[in-house]
There are 4 protein chains.
Amino acid sequence: MKRFLAIIVLFVAVLTQGYSQRKIVNLPDLPGFITLKCDFHSHTVFSDGNVWPTVRLGEAYRDGLDAIAITDHIEYQPKKDQIPTDHNAGYNLIKEMAKEYNIIPVHGTEITRSMPPGHLNALFITDANALVKDSVYDVIETAVKQGAFIQWNHPGWKSQEPDGIPKLYNIHRRFLKNGWIHGIEFFNDSEYYPNILEWCQEYKLAVMANSDIHGIISERYKEPEYTNRPMTLVFAKEKSEAGLKEALFAGRTLAYFGDMLAGKEEFARPFFYQCITVGPKYHETSKNYYFDITNHSDIPFYLVNGPKGAPTSITLNARSVTRVVLSKAFKGTLTYDVKNVLIGTDKTMKAEIKF
Amino acid sequence: MKRFLAIIVLFVAVLTQGYSQRKIVNLPDLPGFITLKCDFHSHTVFSDGNVWPTVRLGEAYRDGLDAIAITDHIEYQPKKDQIPTDHNAGYNLIKEMAKEYNIIPVHGTEITRSMPPGHLNALFITDANALVKDSVYDVIETAVKQGAFIQWNHPGWKSQEPDGIPKLYNIHRRFLKNGWIHGIEFFNDSEYYPNILEWCQEYKLAVMANSDIHGIISERYKEPEYTNRPMTLVFAKEKSEAGLKEALFAGRTLAYFGDMLAGKEEFARPFFYQCITVGPKYHETSKNYYFDITNHSDIPFYLVNGPKGAPTSITLNARSVTRVVLSKAFKGTLTYDVKNVLIGTDKTMKAEIKF
Amino acid sequence: MKRFLAIIVLFVAVLTQGYSQRKIVNLPDLPGFITLKCDFHSHTVFSDGNVWPTVRLGEAYRDGLDAIAITDHIEYQPKKDQIPTDHNAGYNLIKEMAKEYNIIPVHGTEITRSMPPGHLNALFITDANALVKDSVYDVIETAVKQGAFIQWNHPGWKSQEPDGIPKLYNIHRRFLKNGWIHGIEFFNDSEYYPNILEWCQEYKLAVMANSDIHGIISERYKEPEYTNRPMTLVFAKEKSEAGLKEALFAGRTLAYFGDMLAGKEEFARPFFYQCITVGPKYHETSKNYYFDITNHSDIPFYLVNGPKGAPTSITLNARSVTRVVLSKAFKGTLTYDVKNVLIGTDKTMKAEIKF
Amino acid sequence: MKRFLAIIVLFVAVLTQGYSQRKIVNLPDLPGFITLKCDFHSHTVFSDGNVWPTVRLGEAYRDGLDAIAITDHIEYQPKKDQIPTDHNAGYNLIKEMAKEYNIIPVHGTEITRSMPPGHLNALFITDANALVKDSVYDVIETAVKQGAFIQWNHPGWKSQEPDGIPKLYNIHRRFLKNGWIHGIEFFNDSEYYPNILEWCQEYKLAVMANSDIHGIISERYKEPEYTNRPMTLVFAKEKSEAGLKEALFAGRTLAYFGDMLAGKEEFARPFFYQCITVGPKYHETSKNYYFDITNHSDIPFYLVNGPKGAPTSITLNARSVTRVVLSKAFKGTLTYDVKNVLIGTDKTMKAEIKF
């Protein structure tokens with residue numbers, strides 16, 4: 001029986017190939033909360049994705065994520081000639097293994113309808129097969145009864161919304177009134193939808209950023225174009241499924257992808273200040289002060305529109321120290337627009353630099 | 001029905017994600033032959049691999065290959081609870097699409113037995129399902145009747161051959177006598193087996209290099225560790241399935257991986273000289289000649305053990321020009337061992353540099 | 001005396017550190033001409049540069065250049081307290097060594113005046129010290145008598161021309177009338193000046209691209225931002241100082257930097273077609289033709305504004321194969337704007353793809 | 001006079017080109033000390049180097065160093081035909097500017113003699129020109145009177161010590177007896193000399209790692225081969241010249257280059273434990289414990305020769321998390337050799353992993 005042993009060795013090697021080391025994601029916690037890095041939207045061969053579910057787990061471990069959801073399409077099963085439909089299979093195949101990688105597996109599925117209401121993910125469900133129903137209203141109601149967090153996916157996807165701008169249709173308003181939408185994707189892969197930020201503010205929803213990956217994470221998000229995959233940053237009281245769920249329903253999130261951060265100002269502002277350390281000044285001459293700003297995080301920050309007499313713009317590269325030379329003649333406050341931190345449709349965060 | 005159209009658009013995008021551009025592999029043809037770059041060993045979700053078969057096609061297009069075989073295990077079907085066994089599915093799923101990518105799809109399968117005889121790929125078969133039989137002898141006979149090229153895989157795999165050194169067992173000799181083995185893997189992924197070179201010489205077999213990939217090609221073979229995937233270089237009269245098959249049965253191949261090339265001297269020697277251009281000298285002083293050696297290929301060549309009075313070693317980096325300064329006092333021939341071109345178990349190719 | 005020998009060994013190692021291997025620059029020749037890759041503008045410690053002249057030679061060898069000029073400022077000598085002025089020192093220090101690297105050293109200097117006329121390089125001079133004169137008119141006259149090729153540097157440099165747009169002042173017109181300007185920089189480092197293309201056409205001048213490097217080439221031009229340094233491509237009858245000079249005075253050049261090519265259409269057009277190979281088609285279905293376009297060069301080409309019914313845009317990545325799927329319903333000619341090949345101020349080259 | 005203003009703008013840009021952002025070097029402090037990252041050996045055009053002294057400062061800022069010494073050769077002045085000798089020029093040219101970059105400039109020079117005693121750096125001197133004397137004994141005595149820290153450079157340099165193994169000659173013993181040697185280079189560029197570790201222990205000397213750079217730091221130490229330059233890590237009570245000097249004379253250093261750390265165990269051991277965090281276990285099954293080891297530092301650690309029943313080896317990649325699966329059947333202590341931390345000629349540090 002040597003052969004089968006040998007093959008098992010092979011299989012285990014395959015599973016963990018390239019996934020034995022985990023990246024440190026340099027993103028700070030918020031006071032009182034830990035920052036969970038999550039991707040709540042991904043596909044596998046159980047709908048129109050191209051990989052086995054365990055690949056999603058390996059990718060998540062390697063990339064430093066804390067939670068993932070496999071969300072295969074309910075209504076679109078292009079591989080069913082080869083793979084008989086079972087909407088729970090993706091979750092079931094990673095559930096136990098996820099514990100061995102310290103990753104929270106979120107049971108999810110994608111409800112895949114034309115617009116409106118478009119595509120919606122049901123997360124933290126108990127049985128995806130129960131969501132096979134004609135009426136999307138019935139589907140959402142069933143999911144919510146299972147305890148689901150409902151995420152509206154890519155609300156401005158051009159295949160469904162040709163001008164690329166998300167719109168609230170009547171069915172969305174009805175769902176919102178029922179408390180049946182809990183989060184909206186700001187980022188879906190590299191697409192983003194600024195105008196959802198006001199809706200998230202108004203309806204107290206979570207701002208989300210997910211990959212919606214169908215292929216290979218490392219091929220889709222690679223340097224030099226990308227240094228990270230999309231992540232929903234969730235500010236949780238503890239790293240657990242319960243902690244994650246509580247924080248999501250409370251809307252304590254930021255959306256992060258590329259060099260952009262988006263979400264509610266109440267989270268973006270303290271997060272930014274946790275990322276950087278300013279000064280103290282290490283030298284002065286008759287003319288200038290010299291001090292450093294250290295950006296400990298993986299996110300660069302582009303400070304623009306500086307006050308007169310101070311540097312017009314300051315780029316704080318990721319994981320870098322930036323040297324600032326400030327004229328002693330400058331007397332005001334060092335207030336900048338942080339160009340890549342969005343807190344509204346046309347609104348970037350302002351930040352003051354105190355050294 | 002807008003929705004379904006939309007989804008189809010999505011699906012096509014997924015399939016070709018990252019695979020719309022094709023690398024130029026800088027490897028020369030041999031006089032009278034074109035060099036086909038091939039991988040005859042790969043896995044998918046139809047046995048213990050982790051990707052859908054079309055991924056293998058996309059990878060091959062991107063990587064500049066001319067032919068691939070998907071060779072899922074006959075005897076090992078760990079995903080059969082989710083995917084009912086069909087040993088022809090992998091080939092059938094890429095057959096038509098391969099034409100649109102100008103890649104020759106080779107119908108194959110892996111016969112997966114304990115050692116001896118170990119694992120063998122049957123290539124150019126017509127029906128893999130007909131190879132489900134108890135006796136490996138019967139399986140090979142059936143495959144050969146289908147016209148198969150039989151490749152002995154990873155003959156020194158430590159899970160089956162603990163000292164890592166391939167051995168010819170009686171069953172192999174019997175197969176060889178029958179003309180039932182046509183090629184042996186020198187490279188299986190990053191493992192290689194020098195002593196098979198003499199067997200390939202003696203029995204007129206093709207020397208092979210394949211990935212045996214289960215996971216993701218771009219994650220397994222990536223810079224800086226690897227700049228290429230394993231490739232069997234096949235010297236064919238034309239790029240077609242017939243041309244490929246003729247060349248393989250004739251044993252006109254070299255094995256290539258990393259910075260190593262291995263095979264019969266009759267192919268390695270002209271291939272090396274097709275890769276490089278020497279001189280002419282562009283300058284001389286009272287003491288020295290100055291000339292360049294240009295290596296047009298993706299393979300670096302390490303020339304060592306130079307003659308006395310000449311440079312001891314010369315490294316010809318891939319796609320680079322190397323400047324040589326040669327003392328006028330040197331009178332012999334510039335003969336070197338090409339350290340990374342193997343033509344026998346302990347035998348590297350010798351090459352003379354004429355400028 | 002072992003010590004001094006030892007030190008000499010060290011010194012030679014320093015000189016060639018990192019410069020023993022030469023990159024192959026993948027840029028085609030034109031029919032009847034060879035393409036010399038040149039940088040006619042660089043600085044060293046002999047004015048306000050930061051490196052010793054031999055560094056410029058080493059960089060040029062490594063980067064695959066055929067000719068370089070060190071062009072230190074005549075009028076600006078900020079290091080003269082430590083290095084007594086000798087305007088010929090840079091050239092003299094590399095002249096002999098350049099032969100051993102097969103690089104044509106061009107004797108040059110930068111005449112450094114306020115605008116107008118701004119900065120001008122005198123190339124192929126015999127004595128830079130003779131160019132120390134008050135009147136720039138006298139300086140240019142002397143240089144021209146020495147046989148100089150006069151290049152107008154960074155004509156739209158914002159420090160001298162605040163709106164960034166080059167202007168022909170009276171002194172320039174006078175020089176042009178005298179035949180005292182022979183080339184203009186289209187590219188100076190990463191800055192470029194489209195409107196000089198018409199002047200080069202009208203006055204039969206060479207279009208130039210140079211680095212004007214003061215620091216370190218490999219630090220200024222590095223991946224992922226840049227894959228190459230600026231180069232003036234000179235279409236010469238032979239690789240020699242005479243060949244180079246003849247081609248420059250004849251205006252047979254293109255300017256190349258980043259992914260942009262600029263110059264006269266008479267050179268840009270054949271150069272583009274030498275870079276690419278189209279087809280033949282390798283497959284057709286009832287609906288489509290399938291063919292490849294191979295771009296052998298280091299320059300990507302962006303084909304945009306395609307005809308109706310054909311692909312809107314085609315990106316031909318550098319050293320890559322691009323697969324084209326063309327509907328059989330399309331009946332016209334495949335004519336595109338090549339977005340990154342400039343042949344006039346607002347004019348990109350048009351190219352037809354015939355497969 | 002617009003011109004000169006313009007030129008000054010250019011000059012400042014040159015100086016800081018590429019040097020406006022500073023890398024965070026991820027190396028921990030020791031309890032009670034801050035870790036200063038230093039390079040005490042470099043050259044410029046003032047001897048046989050190829051760059052202006054300010055380049056060394058810019059490189060140091062960018063690379064995250066806290067202190068540098070320019071140590072041009074006293075006895076070797078190959079550029080003196082162009083640059084009249086002044087052994088203090090390098091230091092004087094960076095002294096003031098160093099303050100603006102928060103870098104401690106150490107006044108130094110290299111005393112360049114045949115072996116014995118070989119090459120020695122005098123650091124923290126007041127006048128290098130006073131060290132021009134015939135007798136090396138007189139030179140060292142003068143330097144020591146200036147308060148110098150004497151570092152023995154590349155004691156096993158093959159040009160001076162053909163077998164590559166450092167030896168204590170009589171003159172070294174005499175210097176040691178006088179207290180005239182205070183540190184020895186373990187690393188000089190990529191060469192290293194393990195047997196000096198016992199001498200440093202016995203004579204209470206500092207273990208040093210320096211670049212001895214003559215060319216360009218970023219070209220000599222680049223990925224993928226190198227991710228960092230050589231650094232002497234100095235454990236100082238404060239970041240100041242006084243703090244640096246006190247720590248060096250007290251011998252509180254480690255030598256760091258590539259993936260190797262070397263020095264006295266009293267510093268290597270706490271440094272290693274400051275680099276990593278172990279556990280706690282996040283999961284257990286009936287068979288196994290699961291926990292993570294986080295390596296926060298830029299240095300990978302290779303743990304080998306593990307105890308029976310535990311993982312044989314564990315690689316803790318730099319800035320990574322490594323997952324450990326430990327059989328519950330294992331009962332001993334998890335003690336490993338840390339292969340890349342040297343504390344003696346043939347002695348690697350042992351470390352216990354407690355989770």
# chains A, B, ... in the order shown; residues from 1 in each chain; ligands from 1
>>> interface_residues(of="chain C", to="chain A", cutoff="12 Å", atoms="only C-alpha atoms", output="JSON, numbers by chain")
{"C": [223, 224, 225, 226]}
>>> write_last_selection(atoms="N, CA and C atoms", output="short mmCIF file (atom, residue, chain, number, x, y, z; two decimals), in the first residue's frame")
data_model
loop_
_atom_site.label_atom_id
_atom_site.label_comp_id
_atom_site.auth_asym_id
_atom_site.auth_seq_id
_atom_site.Cartn_x
_atom_site.Cartn_y
_atom_site.Cartn_z
N GLU C 223 13.33 50.04 -12.83
CA GLU C 223 12.02 49.41 -12.84
C GLU C 223 11.37 49.57 -11.48
N PRO C 224 10.08 49.63 -11.35
CA PRO C 224 9.14 49.47 -12.46
C PRO C 224 8.88 50.77 -13.24
N GLU C 225 9.37 51.90 -12.74
CA GLU C 225 9.01 53.16 -13.40
C GLU C 225 9.60 53.25 -14.82
N TYR C 226 10.86 52.91 -14.93
CA TYR C 226 11.53 52.98 -16.23
C TYR C 226 12.26 51.67 -16.51
#
>>> residues_around(residues="B:Val55", least_positions_apart="3", cutoff="12 Å", atoms="only C-alpha atoms", output="PDB file with N, CA and C atoms, in the first residue's frame")
ATOM      1  N   VAL A  45     -14.409  26.595  -8.590  1.00  0.00           N
ATOM      2  CA  VAL A  45     -15.005  25.747  -9.628  1.00  0.00           C
ATOM      3  C   VAL A  45     -16.460  25.395  -9.330  1.00  0.00           C
ATOM      4  N   GLY A  49     -15.646  30.127 -11.079  1.00  0.00           N
ATOM      5  CA  GLY A  49     -14.234  30.308 -10.750  1.00  0.00           C
ATOM      6  C   GLY A  49     -13.402  29.174 -11.324  1.00  0.00           C
ATOM      7  N   ASN A  50     -12.111  29.278 -11.216  1.00  0.00           N
ATOM      8  CA  ASN A  50     -11.222  28.318 -11.855  1.00  0.00           C
ATOM      9  C   ASN A  50     -10.349  27.515 -10.902  1.00  0.00           C
ATOM     10  N   VAL A  51     -10.591  27.654  -9.599  1.00  0.00           N
ATOM     11  CA  VAL A  51      -9.748  26.923  -8.649  1.00  0.00           C
ATOM     12  C   VAL A  51     -10.603  26.175  -7.634  1.00  0.00           C
ATOM     13  N   TRP A  52      -9.953  25.220  -7.003  1.00  0.00           N
ATOM     14  CA  TRP A  52     -10.576  24.442  -5.933  1.00  0.00           C
ATOM     15  C   TRP A  52     -10.647  25.319  -4.673  1.00  0.00           C
ATOM     16  N   HIS A 214     -12.020  35.265  -9.559  1.00  0.00           N
ATOM     17  CA  HIS A 214     -12.401  34.026 -10.232  1.00  0.00           C
ATOM     18  C   HIS A 214     -11.161  33.195 -10.579  1.00  0.00           C
ATOM     19  N   GLY A 215     -10.073  33.875 -10.882  1.00  0.00           N
ATOM     20  CA  GLY A 215      -8.831  33.196 -11.268  1.00  0.00           C
ATOM     21  C   GLY A 215      -7.889  33.057 -10.089  1.00  0.00           C
ATOM     22  N   ILE A 216      -6.673  33.587 -10.257  1.00  0.00           N
ATOM     23  CA  ILE A 216      -5.598  33.385  -9.290  1.00  0.00           C
ATOM     24  C   ILE A 216      -5.271  34.738  -8.643  1.00  0.00           C
ATOM     25  N   GLU A 219      -1.902  36.284  -9.538  1.00  0.00           N
ATOM     26  CA  GLU A 219      -1.760  36.751 -10.918  1.00  0.00           C
ATOM     27  C   GLU A 219      -2.555  38.038 -11.146  1.00  0.00           C
TER      28      GLU A 219
ATOM     29  N   VAL B  14     -12.841  36.033 -17.264  1.00  0.00           N
ATOM     30  CA  VAL B  14     -12.154  35.193 -16.294  1.00  0.00           C
ATOM     31  C   VAL B  14     -11.188  34.245 -16.982  1.00  0.00           C
ATOM     32  N   LEU B  15     -11.675  33.663 -18.041  1.00  0.00           N
ATOM     33  CA  LEU B  15     -10.901  32.639 -18.724  1.00  0.00           C
ATOM     34  C   LEU B  15      -9.576  33.176 -19.215  1.00  0.00           C
ATOM     35  N   THR B  16      -9.609  34.378 -19.720  1.00  0.00           N
ATOM     36  CA  THR B  16      -8.414  34.900 -20.367  1.00  0.00           C
ATOM     37  C   THR B  16      -7.672  35.877 -19.471  1.00  0.00           C
ATOM     38  N   GLN B  17      -8.152  36.015 -18.237  1.00  0.00           N
ATOM     39  CA  GLN B  17      -7.501  36.940 -17.307  1.00  0.00           C
ATOM     40  C   GLN B  17      -5.995  36.681 -17.234  1.00  0.00           C
ATOM     41  N   GLY B  18      -5.222  37.666 -17.570  1.00  0.00           N
ATOM     42  CA  GLY B  18      -3.774  37.526 -17.472  1.00  0.00           C
ATOM     43  C   GLY B  18      -3.171  36.712 -18.596  1.00  0.00           C
ATOM     44  N   TYR B  19      -3.965  36.234 -19.506  1.00  0.00           N
ATOM     45  CA  TYR B  19      -3.443  35.324 -20.526  1.00  0.00           C
ATOM     46  C   TYR B  19      -3.599  35.882 -21.931  1.00  0.00           C
ATOM     47  N   SER B  42       0.768  17.504 -16.355  1.00  0.00           N
ATOM     48  CA  SER B  42       0.088  18.498 -15.520  1.00  0.00           C
ATOM     49  C   SER B  42      -1.223  17.940 -14.992  1.00  0.00           C
ATOM     50  N   HIS B  43      -1.700  18.526 -13.916  1.00  0.00           N
ATOM     51  CA  HIS B  43      -2.906  18.037 -13.249  1.00  0.00           C
ATOM     52  C   HIS B  43      -3.955  19.127 -13.066  1.00  0.00           C
ATOM     53  N   THR B  44      -5.176  18.703 -12.887  1.00  0.00           N
ATOM     54  CA  THR B  44      -6.304  19.620 -12.708  1.00  0.00           C
ATOM     55  C   THR B  44      -7.228  19.054 -11.627  1.00  0.00           C
ATOM     56  N   VAL B  45      -8.342  19.724 -11.428  1.00  0.00           N
ATOM     57  CA  VAL B  45      -9.312  19.207 -10.447  1.00  0.00           C
ATOM     58  C   VAL B  45      -9.860  17.837 -10.826  1.00  0.00           C
ATOM     59  N   GLY B  49      -5.154  17.870  -8.839  1.00  0.00           N
ATOM     60  CA  GLY B  49      -4.755  19.255  -9.088  1.00  0.00           C
ATOM     61  C   GLY B  49      -5.785  20.214  -8.533  1.00  0.00           C
ATOM     62  N   ASN B  50      -5.467  21.482  -8.591  1.00  0.00           N
ATOM     63  CA  ASN B  50      -6.330  22.474  -7.945  1.00  0.00           C
ATOM     64  C   ASN B  50      -6.949  23.488  -8.893  1.00  0.00           C
ATOM     65  N   VAL B  51      -6.804  23.285 -10.203  1.00  0.00           N
ATOM     66  CA  VAL B  51      -7.365  24.265 -11.145  1.00  0.00           C
ATOM     67  C   VAL B  51      -8.180  23.574 -12.230  1.00  0.00           C
ATOM     68  N   TRP B  52      -8.992  24.358 -12.865  1.00  0.00           N
ATOM     69  CA  TRP B  52      -9.803  23.906 -13.982  1.00  0.00           C
ATOM     70  C   TRP B  52      -8.904  23.770 -15.219  1.00  0.00           C
ATOM     71  N   GLY B  58      -4.345  28.580 -20.534  1.00  0.00           N
ATOM     72  CA  GLY B  58      -3.978  29.985 -20.400  1.00  0.00           C
ATOM     73  C   GLY B  58      -2.528  30.146 -19.970  1.00  0.00           C
ATOM     74  N   GLU B  59      -2.112  29.336 -19.005  1.00  0.00           N
ATOM     75  CA  GLU B  59      -0.721  29.387 -18.561  1.00  0.00           C
ATOM     76  C   GLU B  59       0.230  29.072 -19.715  1.00  0.00           C
ATOM     77  N   ALA B  60      -0.126  28.067 -20.499  1.00  0.00           N
ATOM     78  CA  ALA B  60       0.738  27.652 -21.609  1.00  0.00           C
ATOM     79  C   ALA B  60       0.851  28.749 -22.651  1.00  0.00           C
ATOM     80  N   TYR B  61      -0.276  29.406 -22.942  1.00  0.00           N
ATOM     81  CA  TYR B  61      -0.231  30.502 -23.913  1.00  0.00           C
ATOM     82  C   TYR B  61       0.685  31.611 -23.409  1.00  0.00           C
ATOM     83  N   ARG B  62       0.438  32.039 -22.192  1.00  0.00           N
ATOM     84  CA  ARG B  62       1.229  33.124 -21.593  1.00  0.00           C
ATOM     85  C   ARG B  62       2.728  32.784 -21.565  1.00  0.00           C
ATOM     86  N   ILE B  68       0.811  21.195 -24.777  1.00  0.00           N
ATOM     87  CA  ILE B  68       0.681  20.717 -23.395  1.00  0.00           C
ATOM     88  C   ILE B  68      -0.182  19.472 -23.345  1.00  0.00           C
ATOM     89  N   ILE B  70      -2.605  17.517 -20.394  1.00  0.00           N
ATOM     90  CA  ILE B  70      -3.184  17.367 -19.057  1.00  0.00           C
ATOM     91  C   ILE B  70      -3.210  15.881 -18.780  1.00  0.00           C
ATOM     92  N   GLY B  90     -10.532  16.408 -18.925  1.00  0.00           N
ATOM     93  CA  GLY B  90      -9.518  17.462 -19.029  1.00  0.00           C
ATOM     94  C   GLY B  90      -9.208  17.788 -20.479  1.00  0.00           C
ATOM     95  N   LEU B  93     -12.168  19.382 -22.433  1.00  0.00           N
ATOM     96  CA  LEU B  93     -12.480  20.765 -22.071  1.00  0.00           C
ATOM     97  C   LEU B  93     -11.531  21.785 -22.697  1.00  0.00           C
ATOM     98  N   ILE B  94     -10.382  21.355 -23.181  1.00  0.00           N
ATOM     99  CA  ILE B  94      -9.460  22.330 -23.790  1.00  0.00           C
ATOM    100  C   ILE B  94      -9.251  22.127 -25.289  1.00  0.00           C
ATOM    101  N   MET B  97     -10.649  24.967 -27.617  1.00  0.00           N
ATOM    102  CA  MET B  97     -10.096  26.268 -27.251  1.00  0.00           C
ATOM    103  C   MET B  97      -8.604  26.355 -27.579  1.00  0.00           C
ATOM    104  N   ALA B  98      -7.921  25.216 -27.512  1.00  0.00           N
ATOM    105  CA  ALA B  98      -6.480  25.202 -27.780  1.00  0.00           C
ATOM    106  C   ALA B  98      -6.170  25.718 -29.182  1.00  0.00           C
ATOM    107  N   ILE B 213       2.719  19.956 -12.638  1.00  0.00           N
ATOM    108  CA  ILE B 213       2.103  20.987 -11.801  1.00  0.00           C
ATOM    109  C   ILE B 213       0.747  20.533 -11.279  1.00  0.00           C
ATOM    110  N   HIS B 214       0.515  20.780  -9.996  1.00  0.00           N
ATOM    111  CA  HIS B 214      -0.793  20.565  -9.391  1.00  0.00           C
ATOM    112  C   HIS B 214      -1.455  21.889  -9.034  1.00  0.00           C
ATOM    113  N   GLY B 215      -0.626  22.854  -8.641  1.00  0.00           N
ATOM    114  CA  GLY B 215      -1.142  24.166  -8.227  1.00  0.00           C
ATOM    115  C   GLY B 215      -1.092  25.166  -9.372  1.00  0.00           C
ATOM    116  N   ILE B 216      -0.418  26.281  -9.126  1.00  0.00           N
ATOM    117  CA  ILE B 216      -0.412  27.401 -10.047  1.00  0.00           C
ATOM    118  C   ILE B 216       0.996  27.560 -10.637  1.00  0.00           C
ATOM    119  N   ILE B 217       1.115  27.533 -11.940  1.00  0.00           N
ATOM    120  CA  ILE B 217       2.434  27.638 -12.585  1.00  0.00           C
ATOM    121  C   ILE B 217       3.161  28.908 -12.137  1.00  0.00           C
ATOM    122  N   SER B 218       2.478  30.035 -12.156  1.00  0.00           N
ATOM    123  CA  SER B 218       3.176  31.295 -11.873  1.00  0.00           C
ATOM    124  C   SER B 218       3.578  31.422 -10.408  1.00  0.00           C
TER     125      SER B 218
END
>>> select_by_dssp(residues="stretch 7-208 of chain D", states="strand (DSSP E or B)", output="PyMOL selection string")
chain D and resi 21-23+30+33-39+42+51+67-70+73+104-112+119-123+149-152+183-188+191-192+206-208
>>> residues_around(residues="B:Phe272", least_positions_apart="3", cutoff="9 Å", atoms="only C-alpha atoms", output="MDAnalysis selection string")
chainID B and resid 28 267:269 275:276 301 341 351
>>> write_last_selection(atoms="C-alpha atoms", output="mmCIF file, in the first residue's frame")
data_model
loop_
_atom_site.group_PDB
_atom_site.id
_atom_site.type_symbol
_atom_site.label_atom_id
_atom_site.label_comp_id
_atom_site.auth_asym_id
_atom_site.auth_seq_id
_atom_site.Cartn_x
_atom_site.Cartn_y
_atom_site.Cartn_z
ATOM 1 C CA PRO B 28 16.780 28.890 -31.100
ATOM 2 C CA PHE B 267 21.210 17.953 -29.996
ATOM 3 C CA ALA B 268 22.868 19.842 -27.134
ATOM 4 C CA ARG B 269 25.929 20.832 -29.158
ATOM 5 C CA CYS B 275 22.384 30.296 -28.841
ATOM 6 C CA ILE B 276 25.623 32.263 -29.039
ATOM 7 C CA PHE B 301 25.955 29.300 -19.952
ATOM 8 C CA VAL B 341 24.768 21.427 -20.103
ATOM 9 C CA ALA B 351 32.631 23.691 -26.187
#
>>> residues_around(residues="stretch 157-173 of chain B", least_positions_apart="3", cutoff="12 Å", atoms="only C-alpha atoms", output="ChimeraX atom specification")
/A:1-10 /B:112-120,136-137,140,150-154,176-182,184-199,203,345
>>> residues_around(residues="C:Asp86", least_positions_apart="3", cutoff="9 Å", atoms="only C-alpha atoms", output="number ranges by chain")
C: 46, 83, 89-90, 128-129; D: 82
>>> write_last_selection(atoms="N, CA and C atoms", output="mmCIF file, in the first residue's frame")
data_model
loop_
_atom_site.group_PDB
_atom_site.id
_atom_site.type_symbol
_atom_site.label_atom_id
_atom_site.label_comp_id
_atom_site.auth_asym_id
_atom_site.auth_seq_id
_atom_site.Cartn_x
_atom_site.Cartn_y
_atom_site.Cartn_z
ATOM 1 N N PHE C 46 33.559 66.767 -12.795
ATOM 2 C CA PHE C 46 34.260 67.896 -13.418
ATOM 3 C C PHE C 46 33.332 69.095 -13.666
ATOM 4 N N ILE C 83 38.596 70.517 -7.227
ATOM 5 C CA ILE C 83 39.055 69.997 -8.526
ATOM 6 C C ILE C 83 39.332 71.169 -9.459
ATOM 7 N N ALA C 89 39.077 67.209 -19.205
ATOM 8 C CA ALA C 89 39.451 66.074 -18.358
ATOM 9 C C ALA C 89 38.507 64.885 -18.520
ATOM 10 N N GLY C 90 37.220 65.143 -18.544
ATOM 11 C CA GLY C 90 36.253 64.055 -18.640
ATOM 12 C C GLY C 90 36.519 63.188 -19.873
ATOM 13 N N ALA C 128 37.857 71.702 -25.426
ATOM 14 C CA ALA C 128 36.802 72.416 -24.703
ATOM 15 C C ALA C 128 37.336 73.660 -24.013
ATOM 16 N N ASN C 129 38.596 73.634 -23.644
ATOM 17 C CA ASN C 129 39.150 74.817 -22.963
ATOM 18 C C ASN C 129 39.136 76.055 -23.863
ATOM 19 N N GLN D 82 44.209 64.993 -10.943
ATOM 20 C CA GLN D 82 43.036 65.851 -11.120
ATOM 21 C C GLN D 82 42.585 66.497 -9.801
#
>>> closest_residue(among="C:Ala255, C:Val132, C:Val324, C:Ile111", to="C:Pro230", atoms="only C-alpha atoms")
C:Ala255
>>> residues_around(residues="stretch 305-312 of chain C", least_positions_apart="2", cutoff="12 Å", atoms="only C-alpha atoms", output="list of chain:residue names")
C:Asn288, C:Tyr289, C:Tyr302, C:Leu303, C:Ile314, C:Thr315, C:Arg323, C:Val324, C:Val325, C:Leu326, C:Ser327, C:Lys328, C:Ala329, C:Phe330, C:Lys331, C:Gly332, C:Thr333, C:Leu334, C:Thr335, C:Tyr336, C:Asp337, C:Val338, C:Lys339, C:Thr348, C:Met349, C:Lys350, C:Ala351, C:Glu352, C:Ile353
>>> atom_distance(atom1="atom CA of C:Gly156", atom2="atom CA of C:Val304")
28.5 Å
